[in-house]
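Report on one structure; see the data block that follows.
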Amino acid sequence: MITTFIGSNTMKKILISVAPVGAGDKLINPRAIARDVYDCYKNGACMVHLHCRDLNGRLTPDISLLEETVEYIRQYCSDIIIEISTGGVSNLTIEERCQTCYPKWVETNSLNVGSVNLGTAVYQNPINDVEYCVSKILENKKVPDIEVFELGMINTVRELDQKFHFNRPLFFALVFGHGGEMPATVPALDHMIAALQENFPDREYIWGYTQAHREDWEMVKVALDKGASAVRVGFEDSDMIAPGVHCDCNSKIIADLSDVIKSKGMMPMTPQEARTMLGIPQLEKGMRKW
């Protein structure tokens, strides 16, 4: 049974992932992103979640700017876990979206397992595209971070697992708060947790919490109380730390989240602890320096 990760003592450890780039950002500056990620790393983030974007923030299959960004990140914080999305609302084909599965420096890919309304946009993930994405993630030995926005997607993951045989533990990101999907409420979270337990009675999974348009830390605290082992925050999801209070850097958000975690008698994970939990190989020395 795998539901949480416990370190060398009895204190529970929490994986903090930072998604530093807002979906509406129109200027991608690799060095500035890397410096921001480094400050987040110092405040407790052990994973960075990025999309493949061009200089103007548009999603693209061209990984050159993303590779430059990751190279700078590695120079600042050599062992942070690199997670690259295969998603985002765009007109890219699934083959183009999956270009991020191939680079050796990518350690985990986000996996989106169904279509959903996100505000006024429709995030399209038909099952044939999902299965293609699963095959590329697994063929390239990346760990899938399975993003689910609705209850039915958890059932889809069970069916995908029967066909593709994911490694254990499964790593779920439960996403709440977008217009058109599950709301960021306690009953909605309870339904998601119950669906995980129903579909995966062996409990060989880990789940994390992500909240779009988050204005405070109340639901994050609830998620931690209910067994979350990971929390993702950052400008991609929200730039707020309190109602009406916006941040101009991601590191403040990470610092506040670290304080919330510590207030629960828990601690942020190190990258090494997170790799152990997720089954990601520890970095070789050469990879630390690019």
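We label chains A, B, ... in the order they appear in the structure tokens, count residues from 1 in each chain, and number ligands from 1 in the order shown.
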
I want to know what sits within 8 Å of stretch 25-36 of chain A, based on only C-alpha atoms, with residues of the same chain fewer than 3 positions away left out; could you give that as a compact mmCIF listing (two decimals) with N, CA and C atoms, in the first residue's frame?
# COMPACT_ATOMS: atom_id res chain seq x y z
N PRO A 20 5.92 28.03 -12.85
CA PRO A 20 6.26 29.45 -12.71
C PRO A 20 5.73 30.37 -13.80
N VAL A 21 5.30 29.82 -14.94
CA VAL A 21 4.96 30.67 -16.08
C VAL A 21 3.44 30.72 -16.25
N GLY A 22 2.87 31.90 -16.20
CA GLY A 22 1.44 32.06 -16.40
C GLY A 22 1.04 31.78 -17.84
N ASP A 39 14.94 30.67 -6.67
CA ASP A 39 14.41 31.21 -5.42
C ASP A 39 13.31 30.30 -4.86
N CYS A 40 12.51 29.72 -5.74
CA CYS A 40 11.49 28.77 -5.30
C CYS A 40 12.13 27.52 -4.71
N ARG A 53 7.13 26.59 -24.77
CA ARG A 53 6.62 27.84 -25.32
C ARG A 53 7.67 28.53 -26.19
N ASP A 54 7.18 29.40 -27.08
CA ASP A 54 8.10 30.24 -27.84
C ASP A 54 8.32 31.55 -27.09
N LEU A 55 9.07 32.46 -27.67
CA LEU A 55 9.41 33.71 -26.99
C LEU A 55 8.18 34.53 -26.61
N ASN A 56 7.08 34.35 -27.36
CA ASN A 56 5.86 35.12 -27.10
C ASN A 56 4.85 34.35 -26.25
N GLY A 57 5.28 33.23 -25.67
CA GLY A 57 4.42 32.49 -24.77
C GLY A 57 3.50 31.49 -25.43
N ARG A 58 3.56 31.37 -26.75
CA ARG A 58 2.69 30.42 -27.43
C ARG A 58 3.24 29.00 -27.31
N LEU A 65 13.87 26.72 -27.03
CA LEU A 65 13.81 27.71 -25.96
C LEU A 65 13.59 27.04 -24.61
N LEU A 66 12.79 25.99 -24.60
CA LEU A 66 12.59 25.23 -23.37
C LEU A 66 13.90 24.61 -22.90
N GLU A 68 16.90 25.69 -23.47
CA GLU A 68 17.73 26.77 -22.93
C GLU A 68 17.30 27.12 -21.51
N THR A 69 15.99 27.19 -21.28
CA THR A 69 15.46 27.51 -19.96
C THR A 69 15.89 26.47 -18.94
N VAL A 70 15.75 25.19 -19.30
CA VAL A 70 16.11 24.12 -18.38
C VAL A 70 17.61 24.11 -18.11
N TYR A 72 19.57 26.71 -17.93
CA TYR A 72 19.79 27.75 -16.93
C TYR A 72 19.29 27.30 -15.55
N ILE A 73 18.14 26.63 -15.52
CA ILE A 73 17.62 26.14 -14.24
C ILE A 73 18.60 25.17 -13.61
N TYR A 76 21.46 26.85 -11.86
CA TYR A 76 21.12 27.47 -10.57
C TYR A 76 20.79 26.42 -9.51
N CYS A 249 6.43 37.50 -7.74
CA CYS A 249 7.40 36.42 -7.93
C CYS A 249 6.84 35.14 -7.32
N ASN A 250 7.22 34.03 -7.92
CA ASN A 250 6.72 32.74 -7.45
C ASN A 250 7.30 32.34 -6.10
N SER A 251 8.49 32.85 -5.78
CA SER A 251 9.16 32.39 -4.56
C SER A 251 8.38 32.73 -3.30

Practice task
Could you give me, as a PyMOL selection string, the residues within 7 Å of stretch 134-146 of chain A, counting only C-alpha atoms and dropping anything in the same chain fewer than 2 positions from it?
Solution key: chain A and resi 101-102+107-112+130-132+148+171-173+280

Could you dump the residues just selected with N, CA and C atoms as a PDB file, in the first residue's frame?
ATOM      1  N   CYS A 101       8.401  14.522 -24.686  1.00  0.00           N
ATOM      2  CA  CYS A 101       8.655  13.214 -24.070  1.00  0.00           C
ATOM      3  C   CYS A 101      10.052  12.688 -24.390  1.00  0.00           C
ATOM      4  N   TYR A 102      10.716  13.238 -25.389  1.00  0.00           N
ATOM      5  CA  TYR A 102      11.939  12.647 -25.906  1.00  0.00           C
ATOM      6  C   TYR A 102      13.243  13.102 -25.252  1.00  0.00           C
ATOM      7  N   GLU A 107      12.327  14.522 -16.895  1.00  0.00           N
ATOM      8  CA  GLU A 107      12.209  13.404 -15.958  1.00  0.00           C
ATOM      9  C   GLU A 107      10.779  12.915 -15.784  1.00  0.00           C
ATOM     10  N   THR A 108       9.826  13.813 -15.904  1.00  0.00           N
ATOM     11  CA  THR A 108       8.418  13.438 -15.799  1.00  0.00           C
ATOM     12  C   THR A 108       7.613  14.311 -16.747  1.00  0.00           C
ATOM     13  N   ASN A 109       6.545  13.737 -17.292  1.00  0.00           N
ATOM     14  CA  ASN A 109       5.640  14.472 -18.171  1.00  0.00           C
ATOM     15  C   ASN A 109       4.250  14.487 -17.565  1.00  0.00           C
ATOM     16  N   SER A 110       3.580  15.634 -17.651  1.00  0.00           N
ATOM     17  CA  SER A 110       2.179  15.643 -17.270  1.00  0.00           C
ATOM     18  C   SER A 110       1.378  14.898 -18.336  1.00  0.00           C
ATOM     19  N   LEU A 111       0.400  14.109 -17.874  1.00  0.00           N
ATOM     20  CA  LEU A 111      -0.435  13.292 -18.752  1.00  0.00           C
ATOM     21  C   LEU A 111      -1.882  13.700 -18.527  1.00  0.00           C
ATOM     22  N   ASN A 112      -2.528  14.192 -19.560  1.00  0.00           N
ATOM     23  CA  ASN A 112      -3.927  14.619 -19.479  1.00  0.00           C
ATOM     24  C   ASN A 112      -4.800  13.542 -20.112  1.00  0.00           C
ATOM     25  N   VAL A 130      -4.852  10.452 -26.095  1.00  0.00           N
ATOM     26  CA  VAL A 130      -4.381  10.102 -24.753  1.00  0.00           C
ATOM     27  C   VAL A 130      -3.522   8.846 -24.817  1.00  0.00           C
ATOM     28  N   GLU A 131      -3.993   7.839 -25.530  1.00  0.00           N
ATOM     29  CA  GLU A 131      -3.237   6.588 -25.613  1.00  0.00           C
ATOM     30  C   GLU A 131      -1.908   6.798 -26.329  1.00  0.00           C
ATOM     31  N   TYR A 132      -1.879   7.629 -27.345  1.00  0.00           N
ATOM     32  CA  TYR A 132      -0.612   7.951 -28.009  1.00  0.00           C
ATOM     33  C   TYR A 132       0.351   8.595 -27.022  1.00  0.00           C
ATOM     34  N   VAL A 148      -6.047  14.975 -13.548  1.00  0.00           N
ATOM     35  CA  VAL A 148      -7.462  14.652 -13.699  1.00  0.00           C
ATOM     36  C   VAL A 148      -8.293  15.855 -13.242  1.00  0.00           C
ATOM     37  N   PHE A 171       0.958   8.407  -9.971  1.00  0.00           N
ATOM     38  CA  PHE A 171       1.093   9.767  -9.453  1.00  0.00           C
ATOM     39  C   PHE A 171      -0.013  10.616 -10.060  1.00  0.00           C
ATOM     40  N   PHE A 172      -0.994  10.991  -9.229  1.00  0.00           N
ATOM     41  CA  PHE A 172      -2.142  11.770  -9.678  1.00  0.00           C
ATOM     42  C   PHE A 172      -2.014  13.225  -9.250  1.00  0.00           C
ATOM     43  N   ALA A 173      -2.364  14.115 -10.152  1.00  0.00           N
ATOM     44  CA  ALA A 173      -2.553  15.532  -9.811  1.00  0.00           C
ATOM     45  C   ALA A 173      -4.043  15.820  -9.924  1.00  0.00           C
ATOM     46  N   ILE A 280      11.751   7.939  -9.792  1.00  0.00           N
ATOM     47  CA  ILE A 280      12.582   8.631 -10.781  1.00  0.00           C
ATOM     48  C   ILE A 280      14.038   8.379 -10.438  1.00  0.00           C
TER      49      ILE A 280
END

Practice task
For each of A:Asn117, A:Gln75, A:Ser64, A:Thr100, take the minimum atom-to-atom distance to A:Gly177, counting only C-alpha atoms, then give the residue where this is smallest.
Solution key: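 Smallest separation from A:Gly177 among the options: A:Asn117.
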
Practice task
Check stretch 3-120 of chain A with DSSP on the backbone and list each residue it calls helix (DSSP H, G or I), as number ranges by chain.
Solution key: A: 30-42, 64-76, 94-101

Handout entry: Atom pair atom CA of A:Arg232 / atom CA of A:Lys163: separation (Å)
Key = 28.4 Å

Problem - Counting only C-alpha atoms, the option among A:Asp259, A:Glu204, A:Glu236, A:Glu198 closest to A:Lys221 - result: A:Asp259

Practice task
Identify, on the basis of only C-alpha atoms, every residue whose closest approach to A:Gln197 does not exceed 12 Å; exclude the query and any residue fewer than 2 positions from it along the same chain; express the result as a ChimeraX atom specification.
Solution key: /A:1-3,151,154-155,158,190-195,199-207

May I have the selected residues written with C-alpha atoms, as a compact mmCIF listing (two decimals), in the first residue's frame?
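The resulting result_27.txt:
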# COMPACT_ATOMS: atom_id res chain seq x y z
CA MET A 1 0.00 0.00 0.00
CA ILE A 2 1.37 3.42 -0.99
CA THR A 3 -0.54 6.51 0.05
CA LEU A 151 -14.33 11.96 -11.74
CA ILE A 154 -10.02 8.44 -12.85
CA ASN A 155 -11.99 5.57 -14.36
CA ARG A 158 -7.86 2.52 -14.54
CA ASP A 190 -13.91 14.01 -1.17
CA HIS A 191 -15.51 12.69 -4.37
CA MET A 192 -12.12 12.63 -6.11
CA ILE A 193 -10.48 10.77 -3.22
CA ALA A 194 -13.34 8.27 -3.10
CA ALA A 195 -13.01 7.69 -6.85
CA ASN A 199 -10.79 2.45 -8.91
CA PHE A 200 -7.48 1.55 -7.23
CA PRO A 201 -8.32 -0.48 -4.11
CA ASP A 202 -4.67 -1.58 -3.83
CA ARG A 203 -3.95 2.07 -2.87
CA GLU A 204 -0.68 2.00 -4.82
CA TYR A 205 -0.94 5.62 -5.77
CA ILE A 206 0.06 9.09 -4.63
CA TRP A 207 -2.07 12.14 -5.16

Pick out the residues sitting within 8 Å of A:Asp237, and hand them over as a compact mmCIF listing (two decimals) with N, CA and C atoms, in the first residue's frame; count only C-alpha atoms, and ignore anything fewer than 4 positions along from it in its own chain.
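So out-v3.txt came out as:
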# COMPACT_ATOMS: atom_id res chain seq x y z
N ALA A 19 4.87 25.82 -10.83
CA ALA A 19 4.57 26.06 -12.24
C ALA A 19 4.72 27.56 -12.47
N GLY A 22 2.87 31.90 -16.20
CA GLY A 22 1.44 32.06 -16.40
C GLY A 22 1.04 31.78 -17.84
N THR A 210 -3.87 20.57 -6.96
CA THR A 210 -3.63 21.78 -7.74
C THR A 210 -4.94 22.57 -7.80
N GLN A 211 -4.86 23.86 -7.59
CA GLN A 211 -6.06 24.69 -7.58
C GLN A 211 -5.88 25.92 -8.45
N ALA A 212 -6.65 25.99 -9.54
CA ALA A 212 -6.64 27.17 -10.39
C ALA A 212 -7.37 28.31 -9.69
N HIS A 213 -6.90 29.52 -9.93
CA HIS A 213 -7.53 30.74 -9.39
C HIS A 213 -7.59 30.73 -7.86
N ARG A 214 -6.62 30.09 -7.24
CA ARG A 214 -6.58 30.03 -5.77
C ARG A 214 -6.36 31.43 -5.20
N VAL A 233 1.82 24.83 -7.10
CA VAL A 233 1.42 26.23 -7.09
C VAL A 233 2.30 26.98 -8.08

Exercise for the section: Find the distance between atom CA of A:Glu150 and atom CA of A:Val116 and write it in Å to one decimal. Expected result: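 Going from atom CA of A:Glu150 over to atom CA of A:Val116 covers 7.9 Å.
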
Exercise for the section: Considering only C-alpha atoms, state which residue in the set A:Cys133, A:Val157, A:Ile84, A:Ala121 is at the smallest distance from A:His178. Expected result: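 Answer, going by the shortest atom-to-atom distance: A:Ala121.
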
Practice task
Determine the nearest neighbour of A:Ala223 from the options A:Lys42, A:Lys104, A:Lys264, A:His246, counting only C-alpha atoms.
Solution key: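 Answer, going by the shortest atom-to-atom distance: A:Lys264.
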
Problem - Which of stretch 115-271 of chain A DSSP labels strand (DSSP E or B), written as a count of residues only - result: 40

Handout entry: Selected residue of minimal separation from A:Leu160 among A:Gly114, A:Ser229, A:Ser90, A:Val175, counting only C-alpha atoms
Key =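 Selected residue with least distance to A:Leu160: A:Gly114.
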
Exercise for the section: Figure out the distance between atom CA of A:Val231 and atom CA of A:Asn128, please, to one decimal in Å. Expected result: 29.1 Å
